[in-house]
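S.K.: One file: input.txt (compact mmCIF, C-alpha atoms).
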# COMPACT_ATOMS: atom_id res chain seq x y z
CA MET A 260 102.03 101.96 121.60
CA MET A 261 104.51 101.52 124.44
CA ASP A 262 106.65 104.31 122.98
CA MET A 263 103.77 106.65 123.83
CA ILE A 264 103.72 105.39 127.41
CA ARG A 265 107.48 105.80 127.76
CA GLU A 266 107.26 109.33 126.37
CA ASP A 267 104.61 110.26 128.93
CA VAL A 268 105.91 108.42 132.01
CA GLY A 269 109.62 108.87 131.42
CA LEU A 270 111.72 107.48 134.26
CA ILE A 271 109.11 107.65 136.99
CA ASP A 272 105.50 108.61 137.80
CA MET A 273 106.49 110.97 140.60
CA THR A 274 102.99 111.50 141.98
CA THR A 275 102.00 107.83 142.23
CA VAL A 276 105.38 106.92 143.73
CA GLY A 277 105.31 109.86 146.12
CA LEU A 278 101.85 108.95 147.41
CA ASP A 279 102.86 105.27 147.64
CA ILE A 280 99.64 104.05 146.00
CA GLY A 281 101.11 102.06 143.10
CA SER A 282 100.42 98.58 144.54
CA HIS A 283 96.73 99.22 145.28
CA LYS A 284 94.13 97.37 143.23
CA ALA A 285 92.39 99.72 140.81
CA LYS A 286 89.95 100.00 137.93
CA ILE A 287 90.08 102.44 135.03
CA SER A 288 87.03 102.96 132.81
CA PHE A 289 86.40 104.92 129.63
CA ALA A 290 83.00 106.17 128.44
CA SER A 291 81.72 108.56 125.79
CA LYS A 292 80.43 111.93 126.95
CA GLU A 293 78.77 112.75 123.60
CA PRO A 294 77.58 110.94 120.44
CA ILE A 295 80.67 109.71 118.54
CA VAL A 296 82.01 107.22 116.05
CA LEU A 297 84.49 105.28 118.17
CA CYS A 298 88.09 104.64 117.18
CA GLY A 299 91.20 103.58 119.07
CA VAL A 300 89.75 101.06 121.51
CA GLU A 301 91.94 98.24 120.19
CA PHE A 302 95.07 100.35 120.70
CA VAL A 303 94.04 101.18 124.26
CA THR A 304 93.24 97.53 124.97
CA GLU A 305 96.69 96.47 123.75
CA MET A 306 98.39 99.20 125.78
CA CYS A 307 96.55 98.30 129.00
CA GLN A 308 97.34 94.61 128.56
CA LYS A 309 101.04 95.33 128.07
CA LEU A 310 100.93 97.27 131.32
CA GLY A 311 99.61 94.16 133.04
CA LEU A 312 95.96 95.18 133.26
CA GLU A 313 93.04 92.85 132.66
CA THR A 314 90.80 94.45 130.05
CA TYR A 315 87.13 94.25 129.03
CA ALA A 316 86.18 96.06 125.82
CA TYR A 317 82.45 96.65 125.39
CA LYS A 318 82.62 98.54 122.08
CA ALA A 319 84.58 98.11 118.85
CA CYS A 320 86.24 100.45 116.38
CA GLY A 321 83.62 102.00 114.11
CA ASP A 322 80.72 101.67 116.57
CA ARG A 323 78.30 104.58 116.86
CA LEU A 324 77.98 105.58 120.52
CA GLU A 325 75.56 107.79 122.38
CA ALA A 326 76.59 109.88 125.38
CA GLY A 327 77.32 107.83 128.49
CA GLU A 328 78.06 104.50 126.82
CA LEU A 329 80.84 102.44 128.42
CA ILE A 330 83.75 101.71 126.09
CA LEU A 331 86.33 99.78 128.09
CA GLU A 332 87.31 98.80 131.62
CA ALA A 333 90.70 97.60 132.86
CA TYR A 334 91.73 96.16 136.23
CA GLY A 335 95.09 95.85 137.96
CA ARG A 336 97.69 97.83 139.87
CA ALA A 337 97.04 101.52 140.44
CA ASP A 338 100.41 102.54 139.03
CA ALA A 339 99.54 100.77 135.75
CA THR A 340 96.15 102.49 135.51
CA HIS A 341 97.79 105.89 135.98
CA LYS A 342 100.36 105.12 133.29
CA ALA A 343 97.57 104.14 130.90
CA TRP A 344 95.26 107.02 131.77
CA LYS A 345 96.19 110.07 129.72
CA VAL A 346 97.76 108.36 126.70
CA SER A 347 94.69 106.12 126.36
CA GLN A 348 92.33 109.06 126.70
CA ASN A 349 94.25 111.03 124.08
CA ILE A 350 94.14 108.14 121.62
CA LEU A 351 90.40 107.65 122.05
CA GLU A 352 89.63 111.37 121.88
CA PHE A 353 91.74 112.28 118.87
CA LEU A 354 90.94 109.20 116.80
CA SER A 355 87.23 109.25 117.61
CA GLY A 356 87.19 112.94 116.68
CA ILE A 357 88.61 112.13 113.24
CA ALA A 358 86.26 109.17 112.78
CA THR A 359 83.22 111.22 113.79
CA LYS A 360 84.05 114.11 111.46
CA THR A 361 84.75 111.73 108.58
CA ASN A 362 81.37 110.09 109.11
CA THR A 363 79.60 113.45 109.32
CA MET A 364 81.14 114.63 106.06
CA ILE A 365 80.46 111.48 104.05
CA THR A 366 76.90 111.27 105.39
CA LEU A 367 76.23 114.84 104.26
CA ALA A 368 77.73 114.22 100.82
CA ARG A 369 75.80 111.01 100.21
CA GLU A 370 72.49 112.70 100.89
CA VAL A 371 72.89 114.40 97.48
CA ASN A 372 75.34 112.02 95.75
CA PRO A 373 74.79 108.45 97.07
CA LYS A 374 77.84 106.87 95.37
CA ILE A 375 80.40 109.53 96.31
CA GLU A 376 83.48 108.60 98.34
CA LEU A 377 85.55 110.66 100.79
CA LEU A 378 89.31 110.15 100.65
CA THR A 379 91.88 111.81 102.91
CA THR A 380 95.28 113.09 101.87
CA ARG A 381 98.79 112.46 103.22
CA LYS A 382 98.84 116.04 104.51
CA ILE A 383 99.11 115.00 108.13
CA PHE A 384 101.53 115.50 111.00
CA PRO A 385 104.48 113.10 110.51
CA ARG A 386 104.48 109.77 112.40
CA THR A 387 100.70 109.83 112.99
CA LYS A 388 99.55 108.41 109.65
CA GLU A 389 98.73 104.90 110.85
CA LEU A 390 96.52 106.13 113.66
CA ALA A 391 94.78 108.78 111.54
CA LEU A 392 94.04 106.36 108.70
CA LYS A 393 92.52 103.91 111.17
CA ALA A 394 90.16 106.68 112.25
CA VAL A 395 89.28 107.71 108.70
CA TYR A 396 88.31 104.14 107.83
CA ALA A 397 86.32 103.80 111.07
CA GLY A 398 84.30 106.83 109.99
CA GLY A 399 83.53 105.39 106.56
CA GLY A 400 86.21 107.15 104.52
CA ALA A 401 89.30 105.82 102.75
CA HIS A 402 92.78 107.07 101.82
CA HIS A 403 93.68 109.11 98.75
CA ARG A 404 97.32 108.04 98.71
CA LEU A 405 99.56 106.68 101.46
CA GLY A 406 102.74 108.18 100.02
CA LEU A 407 104.76 108.72 96.88
CA TYR A 408 105.18 104.99 96.46
CA ASP A 409 101.61 103.77 96.02
CA SER A 410 100.07 105.96 93.32
CA VAL A 411 100.89 108.13 90.32
CA LEU A 412 99.79 111.76 90.71
CA VAL A 413 101.08 114.36 88.26
CA PHE A 414 101.29 117.99 89.42
CA LYS A 415 102.42 121.16 87.68
CA GLN A 416 105.57 120.78 89.76
CA HIS A 417 106.39 117.70 87.67
CA ARG A 418 105.50 119.21 84.30
CA VAL A 419 107.84 122.21 84.65
CA PHE A 420 110.81 119.95 83.83
CA PHE A 421 109.68 119.38 80.23
CA GLU A 422 110.66 121.83 77.51
CA SER A 423 107.50 121.31 75.47
CA ASP A 424 104.06 119.72 75.55
CA ALA A 425 105.29 117.19 72.99
CA ALA A 426 108.14 116.10 75.26
CA PHE A 427 105.79 115.77 78.21
CA GLU A 428 103.19 113.86 76.18
CA ALA A 429 105.79 111.36 74.97
CA GLN A 430 107.00 110.63 78.51
CA PHE A 431 103.43 110.59 79.81
CA ALA A 432 102.60 107.82 77.32
CA LYS A 433 105.68 105.86 78.42
CA MET A 434 104.65 106.23 82.07
CA LYS A 435 101.15 104.94 81.32
CA GLN A 436 102.68 101.88 79.68
CA LYS A 437 105.13 101.34 82.54
CA TYR A 438 102.46 101.46 85.21
CA LEU A 439 99.80 99.43 83.43
CA GLU A 440 98.06 98.35 86.63
CA LYS A 441 97.87 101.88 88.05
CA LYS A 442 95.36 104.60 87.31
CA ILE A 443 97.12 107.82 86.36
CA VAL A 444 95.93 110.87 88.29
CA VAL A 445 96.58 114.46 87.19
CA GLU A 446 95.79 117.58 89.17
CA VAL A 447 94.09 120.25 87.06
CA ASP A 448 92.76 123.70 87.91
CA SER A 449 90.80 124.64 84.79
CA TYR A 450 88.40 123.10 82.31
CA GLU A 451 90.96 123.50 79.54
CA GLU A 452 93.54 121.47 81.49
CA ALA A 453 90.93 118.86 82.34
CA HIS A 454 90.00 118.41 78.67
CA TYR A 455 93.65 118.27 77.60
CA PHE A 456 94.54 115.52 80.06
CA ALA A 457 91.37 113.59 79.31
CA THR A 458 92.47 113.43 75.65
CA LEU A 459 95.85 112.02 76.82
CA GLY A 460 94.06 109.10 78.46
CA THR A 461 94.28 110.22 82.07
CA GLN A 462 92.04 108.03 84.19
CA ILE A 463 91.48 110.42 87.12
CA LEU A 464 91.28 114.21 87.11
CA GLN A 465 91.91 115.83 90.48
CA CYS A 466 90.13 119.17 90.25
CA GLU A 467 91.88 121.68 92.50
CA LYS A 468 89.94 124.60 94.00
CA MET A 469 87.56 124.93 91.06
CA SER A 470 84.29 126.84 91.09
CA PHE A 471 81.18 124.70 91.15
CA GLU A 472 80.36 125.75 87.59
CA THR A 473 83.79 124.66 86.33
CA LEU A 474 83.53 121.38 88.22
CA GLU A 475 80.19 120.65 86.56
CA ARG A 476 81.75 121.28 83.13
CA CYS A 477 84.58 118.90 83.99
CA VAL A 478 82.16 116.23 85.17
CA ALA A 479 80.38 116.56 81.83
CA LEU A 480 83.60 115.37 80.15
CA LYS A 481 82.57 111.85 81.20
CA GLU A 482 80.10 111.89 78.31
CA GLU A 483 83.02 112.11 75.88
CA PHE A 484 85.46 110.11 78.03
CA PRO A 485 83.46 107.42 79.89
CA HIS A 486 86.58 106.04 81.60
CA LEU A 487 87.13 109.27 83.55
CA LEU A 488 86.82 109.63 87.30
CA LEU A 489 86.84 113.10 88.85
CA SER A 490 87.62 114.33 92.33
CA ALA A 491 87.20 117.71 93.98
CA THR A 492 89.86 118.96 96.36
CA GLY A 493 90.95 122.12 98.11
CA GLY A 494 89.32 123.62 101.21
CA ILE A 495 86.44 121.13 101.48
CA GLY A 496 84.82 120.58 104.89
CA GLU A 497 81.41 120.12 106.49
CA GLN A 498 80.38 123.63 105.53
CA ASN A 499 80.62 123.10 101.76
CA ILE A 500 80.88 119.36 101.03
CA VAL A 501 77.22 119.15 99.99
CA ALA A 502 77.71 121.80 97.29
CA TYR A 503 80.77 119.95 95.96
CA ALA A 504 78.96 116.62 96.03
CA LYS A 505 76.10 118.10 93.99
CA THR A 506 78.47 118.74 91.07
CA GLY A 507 78.57 115.00 90.40
CA VAL A 508 82.23 114.31 91.17
CA ASP A 509 83.08 110.73 92.01
CA PHE A 510 84.97 111.49 95.19
CA ILE A 511 86.17 114.22 97.51
CA VAL A 512 89.84 114.56 98.49
CA THR A 513 90.33 116.40 101.76
CA SER A 514 92.52 116.87 104.83
CA SER A 515 89.66 118.25 106.89
CA PRO A 516 89.03 115.18 109.13
CA TYR A 517 92.59 115.38 110.45
CA HIS A 518 91.73 118.72 112.04
CA ALA A 519 88.63 117.44 113.84
CA LYS A 520 87.83 118.55 117.36
CA PRO A 521 88.78 115.67 119.71
CA ALA A 522 85.87 113.68 121.09
CA ASP A 523 85.03 114.02 124.79
CA ILE A 524 85.89 110.79 126.65
CA LYS A 525 85.27 110.40 130.39
CA VAL A 526 87.93 108.50 132.37
CA VAL A 527 87.39 107.26 135.91
CA ILE A 528 90.00 105.56 138.10
CA SER A 529 88.67 103.92 141.26
CA LYS A 530 90.03 101.78 144.08
CA GLU A 531 89.07 98.11 144.01
CA GLY A 532 88.85 95.62 146.91
Output the file's structure as structure tokens, nothing else.
M.R.:
Amino acid sequence: MMDMIREDVGLIDMTTVGLDIGSHKAKISFASKEPIVLCGVEFVTEMCQKLGLETYAYKACGDRLEAGELILEAYGRADATHKAWKVSQNILEFLSGIATKTNTMITLAREVNPKIELLTTRKIFPRTKELALKAVYAGGGAHHRLGLYDSVLVFKQHRVFFESDAAFEAQFAKMKQKYLEKKIVVEVDSYEEAHYFATLGTQILQCEKMSFETLERCVALKEEFPHLLLSATGGIGEQNIVAYAKTGVDFIVTSSPYHAKPADIKVVISKEG
């Protein structure tokens, strides 16, 4: 967190120093200006405390807020409140935006498919994964995969290195044995591919940019292969998540929450004493 402060403040807060107001007693407060799912308050609390401010958090990560609700107050030196100001506001706005959009999407999907889950991808700006995932979970979602190290996901880009289906199938079987505790995921873009990989014992089919009709056919494979889980992915957002959820897939894989509009957070700095 303090790296963010150092990036913003640099060597000196020229305005606060120039006006000679740094030693004044001050209060900084944060409040929602619209209905949101809150995220980031614990990061802001930690940041303010490291700047020497006394903090009072009135809301927690994951809380549903209406417009005008007070989130956090912090007291201390004016120069510390100005250092905390914009970085704290950015954290609350961007993370609450992601949390709110995640919650909106999963709420819409569960109106037609009550057991569906929403998982977000690793397609995110580098070095922001920890913050973004915190927001996704605050909104009721979960992660698809954290990186290459935590799951097995086979793409066409992997299969091109095998000279024949037989060679691929032999290595695929070895991989299943090697990673006994992992579910093997394969991305497919047609019903024929979905059926082929289901016969190989794939546990999860990731259905990429399929039509709704094709998705429904793939979901029907669960009658023949009860172990199967199916996800829909590719261009899914608030505008079409209901239609995808209606196909009966088990979960949605999306990057859409990462591109949420930031929430609107009001910040007030006032003189104390």
S.K.: As a list in words, please: the residues near segment 260-266 of chain A (cut-off 7 Å, all atoms listed in the file, same-chain neighbours under 2 positions excluded).
M.R.: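 Final neighbour list, sorted by chain and number: Val268, Gly269, Met306, Lys342 and Val346 of chain A.
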S.K.: How would the residues just chosen look if you wrote them out with C-alpha atoms as an mmCIF file, in the frame of the given file?
M.R.:
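Produced file result_38.cif, reproduced below:
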data_model
loop_
_atom_site.group_PDB
_atom_site.id
_atom_site.type_symbol
_atom_site.label_atom_id
_atom_site.label_comp_id
_atom_site.auth_asym_id
_atom_site.auth_seq_id
_atom_site.Cartn_x
_atom_site.Cartn_y
_atom_site.Cartn_z
ATOM 1 C CA VAL A 268 105.910 108.420 132.010
ATOM 2 C CA GLY A 269 109.620 108.870 131.420
ATOM 3 C CA MET A 306 98.390 99.200 125.780
ATOM 4 C CA LYS A 342 100.360 105.120 133.290
ATOM 5 C CA VAL A 346 97.760 108.360 126.700
#
S.K.: Using only C-alpha atoms, determine which residues lie at most 10 Å from Gly335 of chain A, disregarding the query and same-chain residues fewer than 2 positions distant; provide the list as JSON, numbers by chain.
M.R.: {"A": [282, 283, 284, 285, 286, 287, 307, 308, 310, 311, 312, 313, 314, 333, 337, 338, 339, 340, 530, 531]}
S.K.: So that I can see what lies close to segment 349-357 of chain A, please list as a compact mmCIF listing (two decimals) with C-alpha atoms, in the frame of the given file the residues with an atom at most 6 Å from it, counting only C-alpha atoms and leaving out residues fewer than 5 positions away in the same chain.
M.R.:
# COMPACT_ATOMS: atom_id res chain seq x y z
CA VAL A 296 82.01 107.22 116.05
CA LEU A 297 84.49 105.28 118.17
CA CYS A 298 88.09 104.64 117.18
CA GLY A 299 91.20 103.58 119.07
CA ALA A 394 90.16 106.68 112.25
CA PRO A 516 89.03 115.18 109.13
CA TYR A 517 92.59 115.38 110.45
CA ALA A 519 88.63 117.44 113.84
CA LYS A 520 87.83 118.55 117.36
CA PRO A 521 88.78 115.67 119.71
CA ALA A 522 85.87 113.68 121.09
S.K.: Go through A:Thr461, A:Ser291, A:Thr387, A:Thr473 and flag the residue nearest Val411 of chain A, using only C-alpha atoms for the distances.
M.R.: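 Result for the nearest residue to Val411 of chain A: A:Thr461.
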S.K.: Find the residues near Thr361 of chain A: any atom within 8 Å, counting only C-alpha atoms, skip ones fewer than 4 places away on the same chain, and give them as an MDAnalysis selection string.
M.R.: chainID A and resid 357 365 377 395 398:400 516
S.K.: Store the residues of this selection in a file with C-alpha atoms, as a PDB file, in the coordinates of the input.
M.R.:
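Saved file result23.pdb follows:
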ATOM      1  CA  ILE A 357      88.610 112.130 113.240  1.00  0.00           C
ATOM      2  CA  ILE A 365      80.460 111.480 104.050  1.00  0.00           C
ATOM      3  CA  LEU A 377      85.550 110.660 100.790  1.00  0.00           C
ATOM      4  CA  VAL A 395      89.280 107.710 108.700  1.00  0.00           C
ATOM      5  CA  GLY A 398      84.300 106.830 109.990  1.00  0.00           C
ATOM      6  CA  GLY A 399      83.530 105.390 106.560  1.00  0.00           C
ATOM      7  CA  GLY A 400      86.210 107.150 104.520  1.00  0.00           C
ATOM      8  CA  PRO A 516      89.030 115.180 109.130  1.00  0.00           C
TER       9      PRO A 516
END
S.K.: Which one is closest to Thr380 of chain A: A:Gln498, A:Thr513, A:Thr304, A:Gln348? Count only C-alpha atoms.
M.R.: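 Closest residue, counting only C-alpha atoms: A:Thr513.
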S.K.: Mind working out the centre and edge lengths of an axis-aligned box for segment 360-375 of chain A, all listed atoms inside, 8 Å added to each side, rounded to one decimal in Å and written as JSON?
M.R.:
{"center_x": 78.6, "center_y": 110.9, "center_z": 103.4, "size_x": 28.3, "size_y": 24.0, "size_z": 32.1}
S.K.: Measuring atom to atom with only C-alpha atoms, identify which of A:Thr458, A:Ser288, A:Ser449, A:Thr492 is nearest to Glu472 of chain A.
M.R.: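 Closest residue, counting only C-alpha atoms: A:Ser449.
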S.K.: Leu464 of chain A: which residues within 10 Å, counting all atoms listed in the file, same-chain residues fewer than 6 positions away excluded, as a PyMOL selection string?
M.R.: chain A and resi 412-413+443-448+452-454+456-457+477-478+487-491+508
S.K.: Compare A:Ala319, A:Phe302, A:Arg369, A:Gly460 by their minimum atom-to-atom distance to Glu389 of chain A, counting all atoms listed in the file, and give me the closest one.
M.R.: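 Closest candidate: A:Phe302.
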S.K.: One decimal, in Å: what's the spacing between atom CA of Arg386 of chain A and atom CA of Lys415 of chain A?
M.R.: 27.3 Å
S.K.: Point out the residue among A:Thr275, A:Gln462, A:Ser423, A:Ser470 with the least atom-to-atom distance to Arg336 of chain A, counting all atoms listed in the file.
M.R.: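 Looking only at the distances to Arg336 of chain A, the closest residue turns out to be A:Thr275.
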S.K.: Hey, can you check how far atom CA of Gly406 of chain A sits from atom CA of Leu378 of chain A?
M.R.: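 Taking atom CA of Gly406 of chain A as the start and atom CA of Leu378 of chain A as the end point, the length is 13.6 Å.
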S.K.: Quick one: pull the distance between atom CA of Ile511 of chain A and atom CA of Asp424 of chain A, Å, one decimal.
M.R.: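 It comes out at 28.9 Å.
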S.K.: Rank nothing, just name the residue among A:Phe384, A:Tyr396, A:Tyr408, A:Phe289 nearest to Lys345 of chain A, using only C-alpha atoms.
M.R.: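 Smallest distance to Lys345 of chain A is found for A:Phe289.
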